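J.: I'd like to ask you about the structure that follows.
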There are 2 protein chains.
Amino acid sequence: MKVTLSALDTSESFFKPLVILELARDVKEETRKWLEKKINDKKKNGGAQLLIRPLIEKCEEQTLESQNVYLIGASTIRLLLGAESVGLVKECNDNTMRVFTYESRKNFKGFSDDNDDFLTMSECQFIIKHELENLRARDEKMIPGYPQAKLYPGKSILRRLLTSGLVTQFFPLHDNEALKKLESRWYNRFKLKYQPLDDIRVYFGETIALYFAFLEYFTFALIPMALIGLPYYVFDWEDYDKYVIFASFNLIWSTVILEVWKRGCALMTYRWGTLLMKRQFEEPRPGFHGVLGVNPVTGREEPLYSSFKRQLRIYLVSLPFVCLCLYFSLYVMMLYFDLEAWAQDLHRDSSVPELTNVLLFVPSIIYAIVIEIMNRLYRFAAEFLTSWENHRLESAYQNHLVLKVLVFNFLNCFASLFYIAFVMKDMKLLRQSLATLLITSQILNQIVETLLPYWLQRKYGLRVKKKVQALKADVDVTLYEQIVLEKEKGTYLGTFDDYLELFLQFGYVSLFSCVYPLAAAFAVLNNFSEINSDALKMCKVFKRPFAEPSASIGVWQLAFETMSVISVVTNCALIGMSPQLNAVFPHSKTDLILIVVAVEHALLALKFVLAFVIPDKPQEIQVKLAKLEFESLEALKQQVLGPTMGWEERRGGREGSQPEHS
Amino acid sequence: MKVTLSALDTSESFFKPLVILELARDVKEETRKWLEKKINDKKKNGGAQLLIRPLIEKCEEQTLESQNVYLIGASTIRLLLGAESVGLVKECNDNTMRVFTYESRKNFKGFSDDNDDFLTMSECQFIIKHELENLRARDEKMIPGYPQAKLYPGKSILRRLLTSGLVTQFFPLHDNEALKKLESRWYNRFKLKYQPLDDIRVYFGETIALYFAFLEYFTFALIPMALIGLPYYVFDWEDYDKYVIFASFNLIWSTVILEVWKRGCALMTYRWGTLLMKRQFEEPRPGFHGVLGVNPVTGREEPLYSSFKRQLRIYLVSLPFVCLCLYFSLYVMMLYFDLEAWAQDLHRDSSVPELTNVLLFVPSIIYAIVIEIMNRLYRFAAEFLTSWENHRLESAYQNHLVLKVLVFNFLNCFASLFYIAFVMKDMKLLRQSLATLLITSQILNQIVETLLPYWLQRKYGLRVKKKVQALKADVDVTLYEQIVLEKEKGTYLGTFDDYLELFLQFGYVSLFSCVYPLAAAFAVLNNFSEINSDALKMCKVFKRPFAEPSASIGVWQLAFETMSVISVVTNCALIGMSPQLNAVFPHSKTDLILIVVAVEHALLALKFVLAFVIPDKPQEIQVKLAKLEFESLEALKQQVLGPTMGWEERRGGREGSQPEHS
């Protein structure tokens, strides 16, 4: 059972670079040595016990820029121990999913001592990232050589290096062979087929695989809506009863698809093992700071921060700030409508219609620019505030950030539509704005997000290739070329923007669905190409992202559900305002409103009943989870009592001692 | 560690009767012997391994009726093993709550081998009940002597004996000394003081203690509402703005108190250990039947029943039946209003007003009687249907029963008020009906529920005393008297009716709060005396109930929350209908309605945000639960890997094998 020297020796000879760490150009030699030692040092000496090698040993003039690039790897055993400390869940030989431990490694499917494939490359990279991020200062007061980069016990060293600019990059390497295979099965075909989600998960990790799974699911779920919406456009139906049917179907449908997604997601993440991974026992996130103390849950030493202080920061600073921003955004929108009206007036009264015709576009352009600026400023502020709130877990940080940005984006995107629909009550303008916004945003997104960077990337790639071919150095050329290429790629900043895009699309489709039934069809078309362009983006445009385990789409589930509740309200209101329906109640507008409100309440109640009645997890998964919980409770019992003694044995102990009643 | 013969011998000499089992008078000797053997037999022979003694050994003429009464007890060790099998959670010496196991008994607070007080009497009784109910048939095909009472493998024997009338009663004994102490601290004082909830829990178990805790909490929570409502009555305020303030306060308040209750409840049930008890690993409820198979969760043999079939029964039979009943109830209500109108007409046109004046009361009386009959019939049907749905767990059975009865009772109680408020729009009549219903139902309840049975009980008690004094038999007279007395007491049928009463009261207070602000004050007054009368009822009127562990008020939490959501809607509607508010918008009723609807939506949104933001469990409890989960996961890891080997040891194993990078 004991780990032997020879085992490590063998793995040592197969150094496989997994993660790239790039230092700033002018980092002092002292710091460099200290960091190398830190990463290489034993755990008990406060190191990360990983393998680290510079990309190029000898410094030549033309490779100067690669001089600060380090390759990081780890021995197989180190990775297996790391897998245990991140709490990886893997499939056992008896087909159950269990938390991996080094000692129980033989029980897991596909494990053998001479098999390096047990952990996937992305899992290894995740483990290395986890270990590096949790490389914490002990008694160092500062980064050696940089007195201004202060350290205190428990501070993540990598985080400090990043914030003080000493480490410029830190990313996992692509596996070109595996990537090519994945690409060929993912988007290099032109027939419609399900995405290879399990392969995506193996290569990019669960968070990204879940995004693509959701994107695919959502697209298929939209098809019925699109099909039902099409005849409304084709036959130009305008009867209010048909619209009522369409809207009702949409509302029930959107509830059902979100519930069914939860179930499918549980099935998938159970298979992937992440459903069982306990997020709450995560190490604190790298940016988390506090006073070193003992975590009451795990009993381990780590920085602690009072939850009360965090609440104060959230409710007394962040919340008012967000409200202020929302108010400001609404104010800007009102200014835009004023400006718009002023331009219209000017155009009408103008003697030079050619000149003022151009002027008509000015308000929209200004508004679009202002919105873009506000979005960026707000995003920056939201990130700062959420970081300042000092959440212990990465997931909590993400949730708070998403919530902040979401609310603001929702308002920015839909406030003008709401204004047109419910204040100006101009359905024609609403339909027109909706169509314009939906279609232009979708086209722009795909171009800006994927095609443009891909094109730039290709051009740069050719240049690098030529440069590398000219190079004569004592180095693995393929690897060198790959690293130089990847080093220059952009960083994928997480699924946030991709989900946000889907979320806003869902808003366009559902909020005003009864005014513009064609929206779903456009969304479906867009999403089919979005799958491909997002896949291209992941594989070609960006650096490989670190795999992040996740068990669900998290706060986005809530966001989509909230959107579907809001859409009940808006659709009922729109139907209530439709001239066809108003013609049915010519004399009693009050009755009409009361009926609409009653229907709306009934639909909302139905939604909640549906959400309540449909179980979040399929029966099958419920049983598996219950079984695991049962086992873990039994195990806890065993642990408390020392030598194991089953019920049978205990009963045996009382054999013959059966009392006879008198 | 092994249980010795001598240990059981000692406990045998202290036979303490805990539970009474009464057989039917004419039970065959054969059956009697079989049952005695079954209860007494060892576990591995399919018995319950409990102690059983007849109350009176020798049969005398005048004690014939007590001849079939058996006392059931158990040895201390048997009870401790039983505590383990029901999964009791107790406090350890290190102040954590842990699942009790026999082998780890020394780690628990207050345990020592010569101490019989470790398990409270009610816990012992609960354990005996659990063991008797789970005494299951193995290869018996019928109850011996009664071929019509069929058995099959896995069928609960006690359940079959009860349904075939062979066992007439089965209840735990009171502990008169402890009861007196409890009474003196509970309701025998006339000063206002908190109830001794921990003592109530020790004596009656968690379910009943939680009811009293909720009753007390709810009463205190109503006081602010009552205080704010009083001036409206005293000064006869009729301004709509004041009503709006009152209603808004009520709505927010009711959300907050329900959320805070959840937190308080978690705190309390953590201390009591029930928060950690895993209900999902319960044995199936006694009435559950199915084909014997292996439970996929626990791996134990027990009856299984397809969840799909159960769903079919629920949705295809129970649900339509409930809907039909609701429809019928509404139909009866409409008939009542017709009859009422007809009686009014008759009275108006009558030439003999004295006669028709009496006639005016006839519709109300008929309606009251019909409602009462419908309630009873429906209750019976609901119990039958829920039992037929064949739920595996007692808790699931209770939830489905409560839901069915609740919906029907809600309609029966409030439909007429809704009709008066929103169809007849007669606020004066609404206020009057509300006051009449609230006050009369409260007074009637207290009389019927408590005082009447108590009075009957006392009369009967004196008679029994005389009879017992005349008796000369070879028996412990005090015990004999106690058992004969308790045997004749009614059975407490669970907290259902008590919660239902509170639920309907909450409805009266909140649904129409802006029409009748005084309701809260009446409710507070009633509840202060309700606490006393319910306590009296528990201690004096009924048989001691079996203690039932529970971690929350379960489905009632949801019921109260739903009521508070409905009350937002009704209150907004009532305020919208108020003449004061209508006077403000004399020309634009549409605007008024739109504003009211907007405010209603805002309030509902606020409610959901509040419920979302307030954590269900206090920080402290969250940490404790997380810690336990963490430990149990660690324990599971340990279990899989055999000999324990910590991180330090493992690191030690690699000492000196630290690779040096080249």
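Labels for the structure tokens follow display order: chains A, B, ..., residues from 1 in each chain, ligands from 1.
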Which residues come within 10 Å of Phe512 in chain A, counting only C-alpha atoms, excluding same-chain residues fewer than 5 positions away, as a CSV table (one decimal) with N, CA, C and O atoms, in the first residue's frame?

T.:
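What follows is the written file result30.csv:
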chain,number,residue,atom,x,y,z
A,247,ALA,N,-50.1,31.6,-26.4
A,247,ALA,CA,-49.4,32.1,-25.2
A,247,ALA,C,-49.5,31.1,-24.1
A,247,ALA,O,-48.5,30.8,-23.4
A,417,LEU,N,-38.3,47.8,-24.4
A,417,LEU,CA,-39.4,47.0,-25.0
A,417,LEU,C,-40.7,47.1,-24.0
A,417,LEU,O,-41.8,47.3,-24.5
A,418,PHE,N,-40.4,47.0,-22.7
A,418,PHE,CA,-41.5,47.2,-21.8
A,418,PHE,C,-42.2,48.6,-22.0
A,418,PHE,O,-43.4,48.7,-21.9
A,421,ALA,N,-44.2,48.6,-25.0
A,421,ALA,CA,-45.4,47.7,-24.9
A,421,ALA,C,-46.4,48.3,-24.0
A,421,ALA,O,-47.6,48.4,-24.3
A,430,LEU,N,-43.4,47.5,-31.2
A,430,LEU,CA,-42.9,46.5,-30.3
A,430,LEU,C,-42.4,45.3,-31.2
A,430,LEU,O,-41.3,44.9,-31.0
A,431,ARG,N,-43.3,44.9,-32.1
A,431,ARG,CA,-42.9,43.7,-32.9
A,431,ARG,C,-41.6,44.0,-33.7
A,431,ARG,O,-40.7,43.3,-33.8
A,434,LEU,N,-38.6,44.3,-31.5
A,434,LEU,CA,-38.3,42.9,-31.0
A,434,LEU,C,-37.5,42.2,-32.1
A,434,LEU,O,-36.4,41.6,-31.8
A,507,GLY,N,-35.7,35.5,-23.1
A,507,GLY,CA,-36.5,36.7,-22.9
A,507,GLY,C,-37.2,37.2,-24.1
A,507,GLY,O,-38.4,37.4,-24.1
A,517,PRO,N,-44.7,35.6,-32.6
A,517,PRO,CA,-44.6,34.2,-32.5
A,517,PRO,C,-43.4,33.6,-33.3
A,517,PRO,O,-42.9,32.5,-33.0
A,519,ALA,N,-40.4,34.6,-33.1
A,519,ALA,CA,-39.1,34.7,-32.4
A,519,ALA,C,-38.5,33.3,-32.1
A,519,ALA,O,-37.3,33.2,-32.3
A,567,SER,N,-42.7,36.2,-17.8
A,567,SER,CA,-43.4,36.2,-19.1
A,567,SER,C,-44.8,35.8,-19.0
A,567,SER,O,-45.6,36.2,-19.9
A,568,VAL,N,-45.3,35.1,-18.0
A,568,VAL,CA,-46.7,34.9,-17.8
A,568,VAL,C,-47.4,36.3,-17.6
A,568,VAL,O,-48.4,36.6,-18.2
A,570,THR,N,-46.3,39.3,-18.5
A,570,THR,CA,-46.3,40.2,-19.7
A,570,THR,C,-47.2,39.7,-20.8
A,570,THR,O,-47.9,40.5,-21.4
A,571,ASN,N,-47.3,38.4,-21.0
A,571,ASN,CA,-48.1,37.9,-22.0
A,571,ASN,C,-49.6,38.1,-21.7
A,571,ASN,O,-50.4,38.4,-22.6
A,572,CYS,N,-50.0,37.9,-20.5
A,572,CYS,CA,-51.4,38.1,-20.1
A,572,CYS,C,-51.7,39.6,-20.3
A,572,CYS,O,-52.8,39.9,-20.8
A,573,ALA,N,-50.8,40.5,-19.9
A,573,ALA,CA,-51.0,41.9,-20.1
A,573,ALA,C,-51.2,42.2,-21.6
A,573,ALA,O,-52.1,43.0,-22.0
A,574,LEU,N,-50.3,41.7,-22.4
A,574,LEU,CA,-50.3,41.9,-23.9
A,574,LEU,C,-51.7,41.5,-24.5
A,574,LEU,O,-52.3,42.2,-25.3
A,575,ILE,N,-52.1,40.3,-24.1
A,575,ILE,CA,-53.3,39.7,-24.6
A,575,ILE,C,-54.5,40.6,-24.2
A,575,ILE,O,-55.4,40.9,-24.9

J.: Could you pull out all residues of range 161-358 of chain A with a DSSP call of strand (DSSP E) and give them as a ChimeraX atom specification?

T.: /A:167-172,291-294,301-304

J.: Once you have the residues from the selection above, write them out as a PDB file, in the first residue's frame, restricted to C-alpha atoms.

T.:
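Printed below is result10.pdb as written:
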ATOM      1  CA  VAL A 167       2.779  35.760 -13.020  1.00  0.00           C
ATOM      2  CA  THR A 168       1.265  36.893 -16.299  1.00  0.00           C
ATOM      3  CA  GLN A 169      -0.380  33.680 -17.445  1.00  0.00           C
ATOM      4  CA  PHE A 170      -1.423  30.359 -16.090  1.00  0.00           C
ATOM      5  CA  PHE A 171      -3.297  27.982 -18.377  1.00  0.00           C
ATOM      6  CA  PRO A 172      -3.619  24.292 -19.268  1.00  0.00           C
ATOM      7  CA  VAL A 291      -7.892  35.750   9.660  1.00  0.00           C
ATOM      8  CA  LEU A 292      -6.355  32.304   9.898  1.00  0.00           C
ATOM      9  CA  GLY A 293      -8.494  30.085  12.093  1.00  0.00           C
ATOM     10  CA  VAL A 294     -10.001  26.640  12.306  1.00  0.00           C
ATOM     11  CA  GLU A 301      -6.812  25.594   9.429  1.00  0.00           C
ATOM     12  CA  GLU A 302      -7.820  28.164   6.854  1.00  0.00           C
ATOM     13  CA  PRO A 303      -8.678  31.867   6.621  1.00  0.00           C
ATOM     14  CA  LEU A 304     -12.058  32.725   8.159  1.00  0.00           C
TER      15      LEU A 304
END

J.: At what distance in Å, to one decimal, does CA of Tyr419 in chain A lie from CA of Ser329 in chain A?

T.: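 Distance reported for this atom pair: 13.1 Å.
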
J.: Could you state the separation of CA of Ala523 in chain B and CA of Asp497 in chain B in Å, given to one decimal place?

T.: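 The value is 16.7 Å.
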
J.: Smallest atom-to-atom distance to chain A: which of B:Phe522, B:Trp261, B:Phe308, B:Tyr480, using only C-alpha atoms?

T.: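 With only C-alpha atoms as the atom set, the closest residue is B:Phe308.
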
J.: Give the answer as one residue: which of A:Pro363, A:Gly82, A:Gly145, A:Gly165 has the shortest atom-to-atom distance to chain B, using only C-alpha atoms?

T.: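 Closest to chain B, using only C-alpha atoms: A:Gly82.
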
J.: Find the spatial neighbours of Pro618 in chain A, counting only C-alpha atoms, within a cut-off of 9 Å - ignore same-chain residues fewer than 6 positions away - and output them as a compact mmCIF listing (two decimals) with N, CA and C atoms, in the first residue's frame.

T.:
# COMPACT_ATOMS: atom_id res chain seq x y z
N ARG A 263 -34.16 17.44 -14.39
CA ARG A 263 -34.07 15.99 -14.27
C ARG A 263 -32.97 15.44 -15.17
N GLY A 264 -32.95 15.93 -16.41
CA GLY A 264 -31.92 15.45 -17.34
C GLY A 264 -30.53 15.81 -16.84
N ALA A 266 -29.61 16.22 -13.74
CA ALA A 266 -29.23 15.35 -12.61
C ALA A 266 -28.73 14.01 -13.12
N LEU A 267 -29.42 13.48 -14.13
CA LEU A 267 -29.00 12.20 -14.72
C LEU A 267 -27.57 12.29 -15.25

J.: Give me the residues near Arg78 in chain A as a ChimeraX atom specification, where near means some atom within 10 Å (using only C-alpha atoms) and where sequence neighbours in that chain fewer than 2 positions away do not count.

T.: /A:8,11,48-51,73-76,80-84,102,124,127-128

J.: Would you mind listing what lies within 9 Å of range 444-458 of chain B as number ranges by chain, with only C-alpha atoms counted and same-chain residues fewer than 6 positions away left out?

T.: B: 488-490, 501, 526, 529-530, 533-534, 536-537, 540-542

J.: Restricting the output to C-alpha atoms, write the selected residues as a PDB file, in the first residue's frame.

T.:
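Output below, filename again.pdb:
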ATOM      1  CA  GLU B 488     -61.174   3.720  28.650  1.00  0.00           C
ATOM      2  CA  LYS B 489     -59.777   7.101  27.668  1.00  0.00           C
ATOM      3  CA  GLY B 490     -60.118   8.282  24.106  1.00  0.00           C
ATOM      4  CA  GLU B 501     -57.794  24.717  13.671  1.00  0.00           C
ATOM      5  CA  ASN B 526     -58.167  32.303  21.969  1.00  0.00           C
ATOM      6  CA  SER B 529     -56.498  29.689  26.440  1.00  0.00           C
ATOM      7  CA  GLU B 530     -56.015  27.134  23.659  1.00  0.00           C
ATOM      8  CA  SER B 533     -56.943  23.581  27.076  1.00  0.00           C
ATOM      9  CA  ASP B 534     -54.793  21.624  24.649  1.00  0.00           C
ATOM     10  CA  LEU B 536     -55.190  19.720  29.637  1.00  0.00           C
ATOM     11  CA  LYS B 537     -56.438  17.568  26.804  1.00  0.00           C
ATOM     12  CA  LYS B 540     -55.908  14.390  31.267  1.00  0.00           C
ATOM     13  CA  VAL B 541     -58.414  13.557  28.589  1.00  0.00           C
ATOM     14  CA  PHE B 542     -56.642  11.223  26.208  1.00  0.00           C
TER      15      PHE B 542
END

J.: Skipping near chain neighbours, those fewer than 5 positions away, what residues fall within 9 Å of Leu326 in chain A using only C-alpha atoms, listed as an MDAnalysis selection string?

T.: chainID A and resid 321 331 407:408 411:412

J.: Just checking: using only C-alpha atoms, which residue out of B:Ser164, B:Arg285, B:Ser248, B:Leu437 ends up closest to Ala602 in chain B?

T.: B:Ser248

J.: Nearest to Met563 in chain A among A:Leu504, A:Leu55, A:Val423, A:Leu603, with distances taken over only C-alpha atoms: which residue is it?

T.: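 So, comparing all the options, the nearest one is A:Leu504.
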
J.: Would you mind listing what lies within 12 Å of Pro147 in chain B as a PyMOL selection string, with only C-alpha atoms counted and same-chain residues fewer than 5 positions away left out?

T.: chain B and resi 31+140-142+164

J.: My list of candidates is B:Gly229, B:Gly47, B:Pro296, B:Pro579. Which is closest to chain A when distances are computed with only C-alpha atoms?

T.: B:Pro296

J.: Give me, please, the distance in Å between CA of Leu197 in chain A and CA of Thr96 in chain A, quoted to one decimal.

T.: 20.7 Å
